[in-house]
Each structure stands twice: as structure tokens, then as C-alpha cells.
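K.L.:
Below are the C-alpha cells for one structure; questions will follow.
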Amino acid sequence: MPVTARDRPSPPRKATAPAVEAVDTSYLEGLVGYNASRAAIAVIELFVKRMAVYGMRQVDFSVMSLITHNPGITSRQLCAALSIQPPNLVAMINALEQRALIVRKPHPRDGRAVGLHLTPIGQNLMHDAERTAQELELDATRRLTAAERKTLMRLLQKVYR
């Protein structure tokens, strides 16, 4: 006699997993990387929104800021300071030059090197962009006192230096 579906025993029911009411992030919150990443995400989101008006990404801003405060800096120095690979910097420098934000000038001591300088347009843009960066940093860290902000910066720098 053939066995029908009715004749087969039902498979045992799987126990239902309990629903998560509140997510426990305590383990992750005990990790430096997790906390640094979460803080960075909050600052980066604000940065992206506020710097869009200048047409600058974080890396563009960093490069332009170093040129602002180090007129004549070389591409090699930029790469070392920002941990950027030279091929990645070349396209960025070309784009900044096409936007008339920077200009290349012969290096005063090294005939093979070229120094990078801001144009007047670049100077104006960076004046406004750096002011915006300062404001967004204060907004992003508004829950910190000035002393806590200074301590945070010092501690973060101890991690990566």
C-alpha cells in the first residue's frame, strides 16, 4: 500500500527564535575601531553635505589644505603626509589644476620637482572651505567641551602617529 502525504509524520516544528527588542551593541562599543568608525561616519556625512558647495571631497580638501599651509609642497610630500599612492594623486592634482585652483611652479632647490601653489581662486575657495570645515567640526562635536575636543584630537593622533 502506497504511503500518502497524510500518512507521513509531520516534521518537527522549529522553535521560534526570540524577537530582539533592543539591540545589544556593548561588545562593539568596547572596540576602538568601531567607535572611531562611527564617529568618522558622523563627521563625514556632515562634511559631504557642507563641502558639496565647493565641489570637494575629503581627500581634495586635505590636499588643498596642505597646499594652502605649505605653498610649494611637492606631490611626493603630499603623498607622504596623506598616505596617498602617487598614481591616485596625479589625477587629483590634474583635476584641481583644471579647475584653476592650483598651479605648478618649478621647485626652487630641486630642478626635477614641481611645487604646488594655490591660485587666487584656490585661495578664496580654501578660505571659505576651511571656515566651513571648522564650523562643521564644531557642529559634529557639539556634545563635547572645548577641553574634551582637544583631548579627543590628541588621543586620535596618538593612535595613528
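Naming works like this for the C-alpha cells: A, B, ... for the chains as they're shown, residue 1 at the start of each chain, ligands 1 onward in shown order.
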Write out as a list of chain:residue names the set of residues from chain A that DSSP, computed on the backbone, places in strand (DSSP E or B).
P.N.:
A:Ile73, A:Ile102, A:Val103, A:Arg104, A:Lys105, A:Pro106, A:Val114, A:Gly115, A:Leu116, A:His117, A:Leu118
K.L.:
So which residues touch Gly115 (chain A) within 7 Å, counting only C-alpha atoms, skipping near sequence neighbours fewer than 2 positions away, as an MDAnalysis selection string?
P.N.:
chainID A and resid 72:74 104:107 113 117
K.L.:
Compile the contact shell of Asp139 (chain A) as a list in words: residues with an atom at most 12 Å away, counting only C-alpha atoms, same-chain residues fewer than 4 positions apart removed.
P.N.:
Ala42, Val43, Glu45, Leu46, Phe47, Arg50, Thr132, Ala133, Gln134, Glu135, Arg143, Leu144, Thr145 and Arg149 of chain A
K.L.:
Go ahead and compute the interatomic distance for CA of Arg109 (chain A) and CA of Ile67 (chain A), in Å to one decimal.
P.N.:
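Separation of CA of Arg109 (chain A) and CA of Ile67 (chain A): 17.7 Å.
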K.L.:
Where in region 105-157 of chain A does DSSP assign helix (DSSP H, G or I), given as number ranges by chain?
P.N.:
A: 120-140, 146-157
K.L.:
Pick out the residues sitting within 8 Å of region 92-100 of chain A, and hand them over as a ChimeraX atom specification; count only C-alpha atoms, and ignore anything fewer than 5 positions along from it in its own chain.
P.N.:
/A:60,119,121-122
K.L.:
For the residues selected in the previous step, produce a file with C-alpha atoms as a compact mmCIF listing (two decimals), in the first residue's frame.
P.N.:
```
# COMPACT_ATOMS: atom_id res chain seq x y z
CA ASP A 60 40.56 67.08 -2.16
CA THR A 119 45.79 80.34 -7.44
CA ILE A 121 40.65 81.34 -7.00
CA GLY A 122 42.02 78.49 -4.91
```
